[in-house]
file protein-v4.pdb (PDB, C-alpha atoms)
ATOM      1  CA  LEU A  21     114.491 151.081 178.631
ATOM      2  CA  LEU A  22     112.507 152.016 181.747
ATOM      3  CA  ASN A  23     109.497 153.077 179.692
ATOM      4  CA  LYS A  24     109.514 149.777 177.816
ATOM      5  CA  TRP A  25     109.633 147.858 181.106
ATOM      6  CA  LEU A  26     106.749 149.903 182.513
ATOM      7  CA  ILE A  27     104.660 149.254 179.418
ATOM      8  CA  MET A  28     105.351 145.532 179.616
ATOM      9  CA  ALA A  29     104.468 145.472 183.320
ATOM     10  CA  PHE A  30     101.238 147.377 182.683
ATOM     11  CA  GLU A  31     100.234 145.041 179.845
ATOM     12  CA  PHE A  32     100.909 142.031 182.060
ATOM     13  CA  LEU A  33      98.773 143.404 184.888
ATOM     14  CA  MET A  34      95.921 144.210 182.509
ATOM     15  CA  THR A  35      95.805 140.597 181.324
ATOM     16  CA  TYR A  36      96.493 138.895 184.665
ATOM     17  CA  LYS A  37      93.488 137.413 186.426
ATOM     18  CA  PHE A  38      93.483 137.792 190.171
ATOM     19  CA  GLU A  39      91.494 135.504 192.429
ATOM     20  CA  GLY A  40      89.510 136.418 195.494
ATOM     21  CA  ILE A  41      88.119 134.391 198.346
ATOM     22  CA  LEU A  42      85.127 135.315 200.464
ATOM     23  CA  TYR A  43      84.983 133.412 203.741
ATOM     24  CA  ARG A  44      81.270 133.758 204.477
ATOM     25  CA  ASN A  45      81.746 131.644 207.615
ATOM     26  CA  LYS A  46      83.920 134.483 209.037
ATOM     27  CA  CYS A  47      81.641 137.337 207.920
ATOM     28  CA  ILE A  48      80.016 139.281 210.774
ATOM     29  CA  ALA A  49      77.644 141.185 208.469
ATOM     30  CA  CYS A  50      79.113 144.612 209.278
ATOM     31  CA  GLY A  51      78.459 145.834 205.706
ATOM     32  CA  TYR A  52      81.791 147.642 205.256
ATOM     33  CA  CYS A  53      82.512 145.874 201.964
ATOM     34  CA  GLN A  54      79.076 146.662 200.573
ATOM     35  CA  SER A  55      79.250 150.316 201.572
ATOM     36  CA  LEU A  56      82.723 150.614 200.018
ATOM     37  CA  ALA A  57      81.896 148.860 196.730
ATOM     38  CA  PRO A  58      78.139 148.322 196.254
ATOM     39  CA  GLU A  59      78.741 147.309 192.638
ATOM     40  CA  LEU A  60      80.687 144.263 193.887
ATOM     41  CA  TRP A  61      79.149 143.283 197.218
ATOM     42  CA  ALA A  62      75.637 142.807 198.494
ATOM     43  CA  ILE A  63      74.175 141.683 201.781
ATOM     44  CA  SER A  64      72.272 138.418 201.637
ATOM     45  CA  PRO A  65      68.627 138.711 202.689
ATOM     46  CA  ASP A  66      68.847 135.122 203.969
ATOM     47  CA  ASP A  67      71.625 135.444 206.547
ATOM     48  CA  GLY A  68      72.764 139.081 206.387
ATOM     49  CA  LYS A  69      76.285 138.140 205.289
ATOM     50  CA  ALA A  70      78.264 139.493 202.353
ATOM     51  CA  VAL A  71      77.870 138.028 198.880
ATOM     52  CA  TRP A  72      79.964 138.603 195.752
ATOM     53  CA  ILE A  73      77.444 139.988 193.255
ATOM     54  CA  LYS A  74      79.092 138.360 190.239
ATOM     55  CA  SER A  75      78.919 134.815 191.649
ATOM     56  CA  ASN A  76      76.227 132.171 191.667
ATOM     57  CA  GLU A  77      78.018 130.250 194.425
ATOM     58  CA  ASN A  78      77.169 132.530 197.331
ATOM     59  CA  SER A  79      75.421 129.820 199.328
ATOM     60  CA  SER A  80      78.784 128.202 200.139
ATOM     61  CA  GLU A  81      80.694 129.072 203.281
ATOM     62  CA  VAL A  82      83.754 129.812 201.137
ATOM     63  CA  VAL A  83      83.317 131.519 197.758
ATOM     64  CA  PHE A  84      86.117 131.701 195.161
ATOM     65  CA  PHE A  85      85.862 134.355 192.465
ATOM     66  CA  ASN A  86      87.924 135.899 189.670
ATOM     67  CA  ILE A  87      88.869 139.567 189.816
ATOM     68  CA  SER A  88      89.454 141.557 186.662
ATOM     69  CA  PRO A  89      92.365 144.024 186.766
ATOM     70  CA  GLU A  90      89.892 146.922 186.696
ATOM     71  CA  LEU A  91      88.280 145.731 189.944
ATOM     72  CA  TYR A  92      91.471 144.701 191.734
ATOM     73  CA  LEU A  93      91.893 147.879 193.809
ATOM     74  CA  LEU A  94      88.266 147.908 194.943
ATOM     75  CA  VAL A  95      88.443 144.289 196.070
ATOM     76  CA  LYS A  96      91.809 144.910 197.730
ATOM     77  CA  ARG A  97      90.356 147.872 199.661
ATOM     78  CA  SER A  98      87.363 145.755 200.632
ATOM     79  CA  ALA A  99      89.714 143.097 201.980
ATOM     80  CA  GLU A 100      91.704 145.676 203.933
ATOM     81  CA  THR A 101      88.517 147.171 205.373
ATOM     82  CA  CYS A 102      87.006 143.878 206.550
ATOM     83  CA  PRO A 103      87.476 143.702 210.343
ATOM     84  CA  VAL A 104      87.518 139.887 210.417
ATOM     85  CA  ASN A 105      89.567 139.253 207.239
ATOM     86  CA  ALA A 106      86.701 137.474 205.510
ATOM     87  CA  ILE A 107      87.904 138.724 202.088
ATOM     88  CA  LYS A 108      91.245 137.716 200.590
ATOM     89  CA  VAL A 109      92.983 138.572 197.325
ATOM     90  CA  VAL A 110      95.411 135.946 196.048
TER      91      VAL A 110
END

call {"tool": "encode", "arguments": {"input": "protein-v4.pdb", "output": "structure tokens"}}
result
Amino acid sequence: LLNKWLIMAFEFLMTYKFEGILYRNKCIACGYCQSLAPELWAISPDDGKAVWIKSNENSSEVVFFNISPELYLLVKRSAETCPVNAIKVV
């Protein structure tokens, strides 16, 4: 019974889409997120603030983005590392 529950929970998590929010207006351009996950974050040459690589909406002050289950832990660690809480996972 426990194994069946674990399998169901795993399957749910692998299909669930998480959402992230990047508050560029809070970003202080420390680069922690980019150094932690360079495949997800970049530093904008225009203002030096973080950008979500997979988004075309990085000019906004607040950027909403979808997170695949495979990337969830990296984004979560990025959010925990950000000293000004400019990254959120919801």

call {"tool": "closest_residue", "arguments": {"input": "protein-v4.pdb", "among": "A:Lys37, A:Lys96, A:Lys24, A:Arg44", "to": "Ser80 in chain A", "atoms": "only C-alpha atoms"}}
result
A:Arg44

call {"tool": "atom_distance", "arguments": {"input": "protein-v4.pdb", "atom1": "CA of Leu94 in chain A", "atom2": "CA of Met28 in chain A"}}
result
23.1 Å

call {"tool": "closest_residue", "arguments": {"input": "protein-v4.pdb", "among": "A:Ile41, A:Val109, A:Ile73, A:Val82", "to": "Ala57 in chain A", "atoms": "only C-alpha atoms"}}
result
A:Ile73

call {"tool": "atom_distance", "arguments": {"input": "protein-v4.pdb", "atom1": "CA of Lys108 in chain A", "atom2": "CA of Leu42 in chain A"}}
result
6.6 Å

call {"tool": "atom_distance", "arguments": {"input": "protein-v4.pdb", "atom1": "CA of Leu60 in chain A", "atom2": "CA of Glu31 in chain A"}}
result
24.1 Å

call {"tool": "resolve_selection", "arguments": {"input": "protein-v4.pdb", "expression": "the PyMOL selection byres ((chain A and resi 74) around 12)", "output": "PDB file with C-alpha atoms, keeping the file's coordinate frame"}}
result
ATOM      1  CA  GLY A  40      89.510 136.418 195.494  1.00  0.00           C
ATOM      2  CA  PRO A  58      78.139 148.322 196.254  1.00  0.00           C
ATOM      3  CA  GLU A  59      78.741 147.309 192.638  1.00  0.00           C
ATOM      4  CA  LEU A  60      80.687 144.263 193.887  1.00  0.00           C
ATOM      5  CA  TRP A  61      79.149 143.283 197.218  1.00  0.00           C
ATOM      6  CA  ALA A  62      75.637 142.807 198.494  1.00  0.00           C
ATOM      7  CA  VAL A  71      77.870 138.028 198.880  1.00  0.00           C
ATOM      8  CA  TRP A  72      79.964 138.603 195.752  1.00  0.00           C
ATOM      9  CA  ILE A  73      77.444 139.988 193.255  1.00  0.00           C
ATOM     10  CA  SER A  75      78.919 134.815 191.649  1.00  0.00           C
ATOM     11  CA  ASN A  76      76.227 132.171 191.667  1.00  0.00           C
ATOM     12  CA  GLU A  77      78.018 130.250 194.425  1.00  0.00           C
ATOM     13  CA  ASN A  78      77.169 132.530 197.331  1.00  0.00           C
ATOM     14  CA  VAL A  83      83.317 131.519 197.758  1.00  0.00           C
ATOM     15  CA  PHE A  84      86.117 131.701 195.161  1.00  0.00           C
ATOM     16  CA  PHE A  85      85.862 134.355 192.465  1.00  0.00           C
ATOM     17  CA  ASN A  86      87.924 135.899 189.670  1.00  0.00           C
ATOM     18  CA  ILE A  87      88.869 139.567 189.816  1.00  0.00           C
ATOM     19  CA  SER A  88      89.454 141.557 186.662  1.00  0.00           C
ATOM     20  CA  LEU A  91      88.280 145.731 189.944  1.00  0.00           C
TER      21      LEU A  91
END

call {"tool": "resolve_selection", "arguments": {"input": "protein-v4.pdb", "expression": "the PyMOL selection byres ((chain A and resi 106) around 6)", "output": "list in words"}}
result
Leu42, Tyr43, Lys46, Cys47, Val104, Asn105 and Ile107 of chain A

call {"tool": "closest_residue", "arguments": {"input": "protein-v4.pdb", "among": "A:Pro89, A:Ser64, A:Pro103, A:Arg97", "to": "Phe32 in chain A", "atoms": "all atoms listed in the file"}}
result
A:Pro89

call {"tool": "closest_residue", "arguments": {"input": "protein-v4.pdb", "among": "A:Phe38, A:Ser79, A:Lys69, A:Cys50", "to": "Leu93 in chain A", "atoms": "only C-alpha atoms"}}
result
A:Phe38
